[in-house]
file target17.cif (mmCIF, C-alpha atoms and all ligand atoms)
data_model
loop_
_atom_site.label_atom_id
_atom_site.label_comp_id
_atom_site.auth_asym_id
_atom_site.auth_seq_id
_atom_site.Cartn_x
_atom_site.Cartn_y
_atom_site.Cartn_z
CA MET S 190 -138.90 104.40 150.72
CA GLN S 191 -135.44 104.11 152.27
CA ASP S 192 -134.06 106.87 154.48
CA SER S 193 -131.34 107.71 151.94
CA GLU S 194 -133.93 108.25 149.19
CA LEU S 195 -136.14 110.40 151.41
CA GLU S 196 -133.11 112.45 152.39
CA LEU S 197 -132.12 112.98 148.76
CA ARG S 198 -135.70 113.96 147.81
CA ARG S 199 -135.62 116.55 150.59
CA ALA S 200 -132.23 117.80 149.38
CA VAL S 201 -133.56 118.20 145.82
CA ILE S 202 -136.45 120.32 147.15
CA GLU S 203 -134.12 122.34 149.38
CA THR S 204 -131.79 123.03 146.43
CA ALA S 205 -134.73 124.17 144.29
CA ARG S 206 -135.86 126.53 147.08
CA GLU S 207 -132.31 127.79 147.43
CA MET S 208 -132.41 128.76 143.72
CA ASN S 209 -135.27 131.10 144.63
CA ARG S 210 -133.44 132.47 147.67
CA ARG S 211 -130.31 133.09 145.57
CA GLY S 212 -132.41 134.97 143.02
CA ILE S 213 -131.50 132.82 140.01
CA ASN S 214 -134.92 131.28 139.48
CA VAL S 215 -137.96 132.91 137.91
CA ASN S 216 -141.36 131.38 138.78
CA LYS S 217 -141.18 127.67 137.92
CA SER S 218 -138.66 127.84 135.07
CA GLY S 219 -135.76 126.25 136.96
CA ASN S 220 -135.33 122.60 137.76
CA VAL S 221 -133.01 120.44 139.85
CA SER S 222 -132.09 116.76 139.95
CA ALA S 223 -129.79 114.35 141.76
CA ARG S 224 -128.53 110.98 140.54
CA PHE S 225 -130.09 108.11 142.47
CA GLY S 226 -129.65 104.38 141.83
CA ALA S 227 -130.00 103.65 138.11
CA GLY S 228 -131.66 106.99 137.46
CA PHE S 229 -132.24 110.38 139.04
CA LEU S 230 -134.67 112.29 141.25
CA ILE S 231 -136.00 115.49 139.66
CA THR S 232 -138.37 118.34 140.57
CA PRO S 233 -141.87 117.89 139.10
CA THR S 234 -143.37 120.16 136.48
CA GLY S 235 -145.77 122.95 137.42
CA ILE S 236 -145.59 122.93 141.24
CA PRO S 237 -144.09 125.92 143.11
CA TYR S 238 -141.02 124.88 145.12
CA GLU S 239 -142.55 126.11 148.39
CA ARG S 240 -145.34 123.54 148.07
CA LEU S 241 -143.14 120.57 147.15
CA GLU S 242 -143.26 117.46 149.31
CA PRO S 243 -140.73 114.61 149.05
CA ALA S 244 -143.33 112.40 147.29
CA ASP S 245 -143.72 115.05 144.54
CA VAL S 246 -140.11 114.55 143.44
CA VAL S 247 -140.07 112.22 140.43
CA TYR S 248 -137.74 109.27 139.90
CA VAL S 249 -136.69 108.82 136.26
CA ASP S 250 -134.98 105.63 135.10
CA LEU S 251 -131.92 106.52 133.02
CA GLU S 252 -132.09 103.49 130.75
CA THR S 253 -135.79 103.56 129.88
CA GLY S 254 -136.62 107.22 130.57
CA ALA S 255 -139.69 106.01 132.48
CA ALA S 256 -140.92 108.33 135.25
CA HIS S 257 -142.15 106.92 138.55
CA GLY S 258 -144.42 108.72 141.01
CA PRO S 259 -147.69 110.61 141.22
CA ARG S 260 -146.28 113.71 139.46
CA LEU S 261 -144.91 114.39 136.00
CA PRO S 262 -141.20 115.26 135.91
CA SER S 263 -139.89 118.69 134.90
CA SER S 264 -140.42 119.30 131.18
CA GLU S 265 -136.62 119.43 130.88
CA TRP S 266 -136.10 115.95 132.35
CA GLU S 267 -134.43 114.76 129.13
CA MET S 268 -131.80 117.49 129.48
CA HIS S 269 -130.96 116.11 132.94
CA ALA S 270 -130.99 112.51 131.65
CA GLU S 271 -128.54 113.29 128.82
CA ALA S 272 -126.28 115.18 131.22
CA TYR S 273 -126.04 112.09 133.47
CA ARG S 274 -125.46 109.80 130.47
CA THR S 275 -122.74 112.07 129.08
CA ARG S 276 -121.06 112.70 132.42
CA PRO S 277 -120.87 109.60 134.65
CA ASP S 278 -119.16 111.81 137.27
CA ALA S 279 -122.22 114.07 137.59
CA GLY S 280 -124.19 113.59 140.80
CA ALA S 281 -126.54 116.53 140.33
CA VAL S 282 -127.81 118.91 137.63
CA ALA S 283 -129.40 122.35 137.97
CA HIS S 284 -130.99 124.61 135.36
CA CYS S 285 -132.40 128.14 135.45
CA HIS S 286 -133.26 131.23 133.38
CA SER S 287 -131.26 133.71 135.47
CA CYS S 288 -131.07 137.23 134.04
CA PHE S 289 -127.46 137.80 132.91
CA ALA S 290 -126.62 134.25 131.85
CA THR S 291 -129.81 134.19 129.79
CA ALA S 292 -129.07 137.61 128.28
CA LEU S 293 -125.69 136.36 127.00
CA ALA S 294 -127.30 133.10 125.84
CA CYS S 295 -129.92 135.07 123.86
CA GLN S 296 -127.13 136.92 122.06
CA ASN S 297 -125.21 133.65 121.51
CA MET S 298 -122.28 135.09 123.44
CA PRO S 299 -120.04 132.56 125.21
CA ILE S 300 -118.19 133.78 128.32
CA PRO S 301 -114.45 133.95 127.60
CA ALA S 302 -111.60 133.89 130.15
CA PHE S 303 -112.07 137.52 131.24
CA HIS S 304 -111.88 136.33 134.89
CA TYR S 305 -110.09 133.31 136.32
CA MET S 306 -113.33 132.02 137.91
CA VAL S 307 -114.50 131.00 134.41
CA ALA S 308 -112.30 127.94 135.10
CA ALA S 309 -114.86 126.85 137.73
CA ALA S 310 -116.85 125.49 134.78
CA GLY S 311 -113.88 123.31 133.81
CA GLY S 312 -112.20 125.22 131.00
CA ASP S 313 -111.21 128.61 129.59
CA SER S 314 -114.74 129.53 128.44
CA ILE S 315 -118.40 128.85 129.11
CA GLU S 316 -119.97 127.90 125.79
CA VAL S 317 -123.47 128.36 124.39
CA ALA S 318 -125.36 125.21 123.31
CA PRO S 319 -127.29 125.91 120.08
CA TYR S 320 -131.00 126.68 120.32
CA GLU S 321 -133.55 123.87 120.26
CA THR S 322 -137.19 123.88 121.38
CA PHE S 323 -137.58 123.58 125.16
CA GLY S 324 -138.39 120.14 126.53
CA THR S 325 -137.13 118.29 123.45
CA ARG S 326 -134.58 115.53 123.04
CA ALA S 327 -132.80 117.78 120.52
CA LEU S 328 -132.22 120.35 123.28
CA ALA S 329 -131.06 117.60 125.63
CA LEU S 330 -128.49 116.40 123.08
CA ALA S 331 -127.28 119.94 122.32
CA ALA S 332 -126.79 120.62 126.03
CA ALA S 333 -125.06 117.27 126.58
CA ARG S 334 -122.56 118.03 123.80
CA ALA S 335 -121.71 121.30 125.53
CA LEU S 336 -121.23 119.44 128.82
CA GLU S 337 -118.76 116.90 127.40
CA LYS S 338 -115.82 119.13 128.35
CA ARG S 339 -117.43 121.59 130.75
CA ASN S 340 -119.43 121.46 133.98
CA ALA S 341 -121.72 124.28 132.84
CA CYS S 342 -123.03 125.89 129.67
CA LEU S 343 -125.42 128.53 128.42
CA LEU S 344 -128.45 127.50 126.33
CA GLU S 345 -129.15 129.78 123.37
CA HIS S 346 -132.38 131.83 123.78
CA HIS S 347 -133.07 129.89 126.97
CA GLY S 348 -130.86 129.92 130.10
CA SER S 349 -128.03 128.07 131.81
CA LEU S 350 -127.21 124.57 133.03
CA ALA S 351 -124.66 123.27 135.53
CA LEU S 352 -123.66 119.92 136.95
CA GLY S 353 -121.62 118.84 139.95
CA ALA S 354 -120.69 115.87 142.10
CA THR S 355 -123.36 116.98 144.60
CA LEU S 356 -126.47 119.18 144.65
CA ASP S 357 -124.55 121.88 146.55
CA LYS S 358 -121.78 121.92 143.94
CA ALA S 359 -124.18 122.03 140.97
CA LEU S 360 -126.10 124.91 142.57
CA ALA S 361 -122.91 126.79 143.51
CA LEU S 362 -121.68 126.56 139.91
CA LEU S 363 -125.03 127.70 138.50
CA VAL S 364 -124.90 130.72 140.84
CA GLU S 365 -121.27 131.37 139.80
CA VAL S 366 -122.21 131.26 136.10
CA GLU S 367 -124.82 133.96 136.73
CA ASN S 368 -122.27 136.00 138.70
CA LEU S 369 -119.68 135.69 135.90
CA ALA S 370 -122.30 136.60 133.28
CA ARG S 371 -123.18 139.75 135.22
CA GLN S 372 -119.50 140.68 135.59
CA TYR S 373 -118.85 139.98 131.91
CA VAL S 374 -121.72 142.20 130.80
CA THR S 375 -120.35 144.94 133.09
CA VAL S 376 -116.79 144.50 131.76
CA ARG S 377 -118.06 144.75 128.18
CA SER S 378 -119.67 148.08 129.02
CA LEU S 379 -116.16 149.37 129.88
CA GLY S 380 -114.69 148.41 126.51
CA GLU S 381 -113.21 145.38 124.79
CA PRO S 382 -112.77 142.66 127.48
CA ARG S 383 -109.16 141.77 128.31
CA ILE S 384 -108.65 138.00 128.22
CA ILE S 385 -106.36 135.86 130.43
CA PRO S 386 -103.74 134.01 128.29
CA ALA S 387 -104.47 130.34 127.51
CA ASP S 388 -101.43 128.99 129.40
CA GLU S 389 -102.46 130.79 132.57
CA MET S 390 -106.06 129.54 132.25
CA ALA S 391 -104.72 125.99 131.83
CA ARG S 392 -102.90 126.47 135.14
CA VAL S 393 -106.05 127.78 136.83
CA VAL S 394 -108.18 124.91 135.48
CA GLU S 395 -105.65 122.47 136.94
CA LYS S 396 -105.70 124.31 140.28
CA PHE S 397 -109.50 124.14 140.32
CA ARG S 398 -109.41 120.35 140.20
CA THR S 399 -108.21 120.40 143.79
CA TYR S 400 -109.48 123.83 144.89
CA GLY S 401 -111.56 124.00 148.07
CA ARG S 402 -111.29 120.29 148.79
CA GLN S 403 -110.61 118.98 152.23
CA PRO S 404 -108.03 116.18 152.54
CA GLU S 405 -110.68 113.47 153.08
CA GLU S 406 -112.33 114.30 149.74
CA LYS S 407 -110.41 112.40 147.14
CA LYS S 408 -112.72 112.98 144.16
ZN ZN Y 1 -135.59 126.16 130.94
#
call {"tool": "encode", "arguments": {"input": "target17.cif", "output": "structure tokens"}}
result
Amino acid sequence: MQDSELELRRAVIETAREMNRRGINVNKSGNVSARFGAGFLITPTGIPYERLEPADVVYVDLETGAAHGPRLPSSEWEMHAEAYRTRPDAGAVAHCHSCFATALACQNMPIPAFHYMVAAAGGDSIEVAPYETFGTRALALAAARALEKRNACLLEHHGSLALGATLDKALALLVEVENLARQYVTVRSLGEPRIIPADEMARVVEKFRTYGRQPEEKK
């Protein structure tokens, strides 16, 4: 195993553990992956993050869907695979069943532009991908459709999903989706949510394309 692969395996594990520390993961329901070579490295199914070793992380070939390694990949590996196929710019994908994002997803309630940070997901809303049985290709395709024009989505009766150029960015967006969901639920308790006009959200989305980037980062 090359150093770069070992490093990425460690980063996948660290990101999964960070999901626990950030309070967005429940037991073993979340999963994390990073694009690597012609496929991706993903957390295995059924092993607590604290016990994960680099060798437990599973390599999945994007073209064949074949998994390589002593462990079985996360049951949602197809959701990750379809995200990478749909979004060539995605370097990492993270999924969880965090409380508020899942609550909205269960009620099939997309998050509208009540706050400008909704644009962090790439548009003026965060949509809900229609329900499909967990671990199926049908769910993977439904999620991928929702990710065509967004970097994150909710999954009906299930949870949330986010992608990013790096593991840190995918995790940060997943955490932000949960934060926005919590704020949106709170706002709704105060009355009808007030929505930012579409032209202003278009401006914010554009601003987000360059937001927080240092000059050396061109992408
Ligand atoms: Zn799930």
call {"tool": "closest_residue", "arguments": {"input": "target17.cif", "among": "S:Glu321, S:Glu365, S:Glu389, S:Asp250", "to": "ligand ZN 1 (chain Y)", "atoms": "only C-alpha atoms and all ligand atoms"}}
result
S:Glu321
call {"tool": "residues_near_ligand", "arguments": {"input": "target17.cif", "ligand": "ligand ZN 1 (chain Y)", "cutoff": "8 Å", "atoms": "only C-alpha atoms and all ligand atoms", "output": "list of chain:residue names"}}
result
S:Ser218, S:Gly219, S:Asn220, S:Glu265, S:His284, S:Cys285, S:His286, S:Phe323, S:Gly324, S:His347, S:Gly348, S:Ser349
call {"tool": "atom_distance", "arguments": {"input": "target17.cif", "atom1": "atom CA of S:Cys342", "atom2": "atom CA of S:Ile213"}}
result
15.1 Å
call {"tool": "residues_near_point", "arguments": {"input": "target17.cif", "point": "(-129.7, 113.4, 134.0)", "cutoff": "8 Å", "atoms": "only C-alpha atoms", "output": "JSON, numbers by chain"}}
result
{"S": [222, 223, 224, 228, 229, 251, 266, 267, 268, 269, 270, 271, 272, 273, 274, 281, 282]}
call {"tool": "atom_distance", "arguments": {"input": "target17.cif", "atom1": "atom CA of S:Ala391", "atom2": "atom CA of S:Ala292"}}
result
27.2 Å
call {"tool": "atom_distance", "arguments": {"input": "target17.cif", "atom1": "atom CA of S:Pro382", "atom2": "atom CA of S:Ile300"}}
result
10.4 Å
call {"tool": "closest_residue", "arguments": {"input": "target17.cif", "among": "S:Thr291, S:Thr232, S:Asn297, S:Ser314", "to": "S:Glu203", "atoms": "all atoms listed in the file"}}
result
S:Thr232
call {"tool": "residues_around", "arguments": {"input": "target17.cif", "residues": "S:Leu343", "least_positions_apart": "4", "cutoff": "7 Å", "atoms": "all atoms listed in the file", "output": "list in words"}}
result
Ala290, Ala294, Glu316, Val317, Ala318, Gly348, Ser349 and Leu350 of chain S
call {"tool": "residues_around", "arguments": {"input": "target17.cif", "residues": "stretch 374-381 of chain S", "least_positions_apart": "2", "cutoff": "9 Å", "atoms": "only C-alpha atoms", "output": "VMD selection string"}}
result
chain S and resid 289 293 303 369 to 372 383
call {"tool": "closest_residue", "arguments": {"input": "target17.cif", "among": "S:Ala310, S:Val247, S:Ala279, S:Cys288", "to": "S:Leu356", "atoms": "all atoms listed in the file"}}
result
S:Ala279
call {"tool": "residues_around", "arguments": {"input": "target17.cif", "residues": "S:Gly353", "least_positions_apart": "5", "cutoff": "10 Å", "atoms": "only C-alpha atoms", "output": "ChimeraX atom specification"}}
result
/S:223,276,278-283,310,340-341,358-363
call {"tool": "closest_residue", "arguments": {"input": "target17.cif", "among": "S:Arg260, S:Arg210, S:His346, S:Arg199", "to": "S:Thr322", "atoms": "only C-alpha atoms"}}
result
S:His346
call {"tool": "closest_residue", "arguments": {"input": "target17.cif", "among": "S:Glu337, S:Glu207, S:Glu194, S:Glu252", "to": "S:Leu230", "atoms": "only C-alpha atoms"}}
result
S:Glu194
call {"tool": "closest_residue", "arguments": {"input": "target17.cif", "among": "S:Ile202, S:Met190, S:Ala244, S:Ser287", "to": "S:Asn216", "atoms": "all atoms listed in the file"}}
result
S:Ser287
call {"tool": "residues_near_point", "arguments": {"input": "target17.cif", "point": "(-143.0, 125.9, 150.8)", "cutoff": "10 Å", "atoms": "only C-alpha atoms", "output": "ChimeraX atom specification"}}
result
/S:202-203,206,237-242
call {"tool": "write_last_selection", "arguments": {"input": "target17.cif", "atoms": "C-alpha atoms", "output": "short mmCIF file (atom, residue, chain, number, x, y, z; two decimals), in the frame of the given file"}}
result
data_model
loop_
_atom_site.label_atom_id
_atom_site.label_comp_id
_atom_site.auth_asym_id
_atom_site.auth_seq_id
_atom_site.Cartn_x
_atom_site.Cartn_y
_atom_site.Cartn_z
CA ILE S 202 -136.45 120.32 147.15
CA GLU S 203 -134.12 122.34 149.38
CA ARG S 206 -135.86 126.53 147.08
CA PRO S 237 -144.09 125.92 143.11
CA TYR S 238 -141.02 124.88 145.12
CA GLU S 239 -142.55 126.11 148.39
CA ARG S 240 -145.34 123.54 148.07
CA LEU S 241 -143.14 120.57 147.15
CA GLU S 242 -143.26 117.46 149.31
#
